[in-house]
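Trainee: Mind having a look at this structure? Questions to follow.
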Amino acid sequence: AYATVDKLASPSPGVQFQGAATQTMVRSDPKTLKLDVALPNLTCTDMNVSSATLGFAWRAWRLEGAEWGDASPELSRAAMEEYAANPVSCRLPVDTLRAGATYMFRATVGFADTMTINNTAATTVNVGAQALVASIAGGVEQAVAIGDTVELDGSLSVDPDENDAEGPLQYLWNCSRIVDVTLETGEIQRRLVHDKSLLAPVDATAAILAFVPDTTSGWTGGATYEFTLLVSRGTRTATYSILLFISADRYMPRATVTDFDENLKYNPTADTYAAVYFEATSP
């Protein structure tokens with residue numbers, strides 16, 4: 001009797017990425033790419049393998065048009081060595097990748113003493129665009145007096161993607177007066193009356209809207225106005241609105257929230273209260 005034995009030669013380790021072949025994320029999220037690695041059957045191999053210790057090599061490319069190109073600087077070789085310090089995973093910190101870009105990650109796994117006996121796995125990561133965040137400092141309800149110099153600050157609006165390739169953030173302010181209208185049913189309905197002339201004398205496209213609400217410019221003391229900031233960049237937009245009450249009393253008291261003392265630790269727990277300190281002044 002006889003038997004035929006097929007020599008396995010130098011089998012390579014098995015490797016694949018966990019999850020889908022194409023993955024999605026946004027720039028401000030951390031991302032971890034994990035590998036599933038398996039040793040081959042080492043019962044029948046040649047002498048090229050002297051150790052079962054595995055070696056890992058990570059590379060990344062960025063899609064440029066229809067071609068894969070170098071992903072530097074965000075995913076240079078040095079950066080990939082840092083992110084894959086634990087070689088079975090690649091941990092990408094927040095804000096590492098470019099918004100709107102597509103990346104290919106490849107992991108090569110072989111026997112450490114001779115990486116020529118290896119296997120590879122690849123995955124694609126698409127980085128989606130995030131929404132802009134519009135903001136106006138000072139709270140959603142504010143109050144000033146007729147004739148005050150007012151500044152509404154929208155400079156805290158941000159693009160989480162920091163995509164400067166789309167140009168700078170664009171700002172556009174709108175103002176509407178809130179009026180109560182009595183319907184035939186006797187019901188009182190609140191409506192917005194838009195008046196472009198109110199902001200006509202000022203720059204309504206700046207991050208900070210500066211104006212003086214006085215009666216000669218069409219403002220009404222004792223009225224409430226809604227200010228809406230539209231922030232745009234490329235095809236993305238975001239809005240934020242506040243209510244501003246304009247008092248007819250030039251001598252109304254002013255209250256401002258004071259800065260927190262950074263040297264103190266604020267850690268309110270259940271059934272406790274956190275105090276907010278403010279200063280009040282009168283002209």
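All residue names refer to the structure tokens as shown: chains lettered A, B, ... in order, residues numbered from 1 in each chain, ligands numbered from 1 in order.
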Select from range 166-217 of chain A every residue with an atom at most 9 Å from any atom of range 144-154 of chain A, then for each give the shortest pair of atoms and their distance in Å to one decimal, using only C-alpha atoms, rows by chain and rising number, as JSON lines.
Mentor:
```
{"residue": "A:Tyr171", "atom": "CA", "partner": "A:Gly154", "partner_atom": "CA", "distance": 8.2}
{"residue": "A:Ala206", "atom": "CA", "partner": "A:Gly154", "partner_atom": "CA", "distance": 8.5}
{"residue": "A:Ala207", "atom": "CA", "partner": "A:Gly154", "partner_atom": "CA", "distance": 5.1}
{"residue": "A:Ile208", "atom": "CA", "partner": "A:Asp153", "partner_atom": "CA", "distance": 4.5}
{"residue": "A:Leu209", "atom": "CA", "partner": "A:Leu152", "partner_atom": "CA", "distance": 5.1}
{"residue": "A:Ala210", "atom": "CA", "partner": "A:Glu151", "partner_atom": "CA", "distance": 4.4}
{"residue": "A:Phe211", "atom": "CA", "partner": "A:Val150", "partner_atom": "CA", "distance": 5.5}
{"residue": "A:Val212", "atom": "CA", "partner": "A:Thr149", "partner_atom": "CA", "distance": 4.8}
{"residue": "A:Pro213", "atom": "CA", "partner": "A:Gly147", "partner_atom": "CA", "distance": 5.4}
{"residue": "A:Asp214", "atom": "CA", "partner": "A:Gly147", "partner_atom": "CA", "distance": 4.8}
{"residue": "A:Thr215", "atom": "CA", "partner": "A:Ile146", "partner_atom": "CA", "distance": 7.7}
```
Trainee: For the residues in that selection, give me N, CA and C atoms as a JSON list (two decimals), in the first residue's frame.
Mentor:
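Everything below was put into part-v3.json:
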```json
[["chain", "number", "residue", "atom", "x", "y", "z"],
["A", 171, "TYR", "N", -21.72, 84.33, 6.06],
["A", 171, "TYR", "CA", -22.74, 84.69, 7.05],
["A", 171, "TYR", "C", -23.80, 85.58, 6.40],
["A", 206, "ALA", "N", -21.43, 89.95, 7.91],
["A", 206, "ALA", "CA", -20.28, 89.77, 8.78],
["A", 206, "ALA", "C", -20.60, 88.76, 9.87],
["A", 207, "ALA", "N", -19.57, 88.19, 10.48],
["A", 207, "ALA", "CA", -19.79, 87.22, 11.56],
["A", 207, "ALA", "C", -20.44, 87.89, 12.77],
["A", 208, "ILE", "N", -20.12, 89.15, 12.99],
["A", 208, "ILE", "CA", -20.69, 89.91, 14.10],
["A", 208, "ILE", "C", -21.59, 91.00, 13.53],
["A", 209, "LEU", "N", -22.85, 90.96, 13.89],
["A", 209, "LEU", "CA", -23.81, 91.96, 13.41],
["A", 209, "LEU", "C", -23.85, 93.10, 14.42],
["A", 210, "ALA", "N", -23.41, 94.28, 14.00],
["A", 210, "ALA", "CA", -23.38, 95.47, 14.87],
["A", 210, "ALA", "C", -24.38, 96.49, 14.35],
["A", 211, "PHE", "N", -25.25, 96.97, 15.25],
["A", 211, "PHE", "CA", -26.26, 97.94, 14.84],
["A", 211, "PHE", "C", -26.75, 98.70, 16.06],
["A", 212, "VAL", "N", -27.45, 99.80, 15.80],
["A", 212, "VAL", "CA", -28.04, 100.61, 16.87],
["A", 212, "VAL", "C", -29.54, 100.66, 16.60],
["A", 213, "PRO", "N", -30.37, 100.00, 17.42],
["A", 213, "PRO", "CA", -31.82, 100.04, 17.21],
["A", 213, "PRO", "C", -32.41, 101.34, 17.77],
["A", 214, "ASP", "N", -32.70, 102.27, 16.90],
["A", 214, "ASP", "CA", -33.34, 103.52, 17.34],
["A", 214, "ASP", "C", -34.57, 103.77, 16.47],
["A", 215, "THR", "N", -35.42, 104.61, 16.93],
["A", 215, "THR", "CA", -36.70, 104.84, 16.26],
["A", 215, "THR", "C", -36.52, 105.47, 14.88]]
```
Trainee: Leaving out Asp161 in chain A and any residue of its chain fewer than 6 positions from it, which residues lie within 7 Å of it when counting only C-alpha atoms, given as a PyMOL selection string?
Mentor: chain A and resi 27+99+129-130
Trainee: To one decimal in Å, tell me the separation between CA of Ser76 in chain A and CA of Thr120 in chain A.
Mentor: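 Atom-to-atom, CA of Ser76 in chain A to CA of Thr120 in chain A, that is 19.1 Å.
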Trainee: Within 8 Å of Arg59 in chain A, counting only C-alpha atoms, which residues qualify if same-chain residues fewer than 2 places away don't, as JSON, numbers by chain?
Mentor: {"A": [57, 61, 77, 80, 105, 106, 107]}
Trainee: Output the selection as a compact mmCIF listing (two decimals), in the first residue's frame - C-alpha atoms for each residue.
Mentor:
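Saved as part.txt:
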```txt
# COMPACT_ATOMS: atom_id res chain seq x y z
CA ALA A 57 2.69 46.14 8.00
CA TRP A 61 -3.90 55.42 0.18
CA ARG A 77 4.08 55.82 6.97
CA MET A 80 0.38 54.68 10.34
CA PHE A 105 -6.27 50.64 4.20
CA ARG A 106 -4.18 47.53 3.64
CA ALA A 107 -2.73 45.25 6.30
```
Trainee: Could you pull out the strand (DSSP E or B) residues of range 200-251 of chain A from DSSP and send them as a ChimeraX atom specification?
Mentor: /A:208-211,223-233,236-247
Trainee: Excluding Asp195 in chain A and any residue of its chain fewer than 5 positions from it, enumerate the residues within 8 Å of it, using only C-alpha atoms, and give them as a ChimeraX atom specification.
Mentor: /A:175-177
Trainee: Quick one: everything within 8 Å of Lys196 in chain A, counting only C-alpha atoms, minus sequence neighbours fewer than 3 positions away in the same chain. Send it as a ChimeraX atom specification.
Mentor: /A:174-175,199-200
Trainee: Would you mind listing what lies within 12 Å of Pro13 in chain A as number ranges by chain, with only C-alpha atoms counted and same-chain residues fewer than 3 positions away left out?
Mentor: A: 10, 16, 36-42, 49, 52-56, 107-112, 115-121
Trainee: Return the single residue from A:Glu64, A:Ser12, A:Val88, A:Ala101 that is closest to Met25 in chain A, with distances computed using only C-alpha atoms.
Mentor: A:Ala101
Trainee: May I ask which of the residues A:Thr216, A:Thr224, A:Thr239, A:Thr32 is the closest one to Val193 in chain A, counting only C-alpha atoms?
Mentor: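 Among the listed residues, the smallest separation from Val193 in chain A belongs to A:Thr224.
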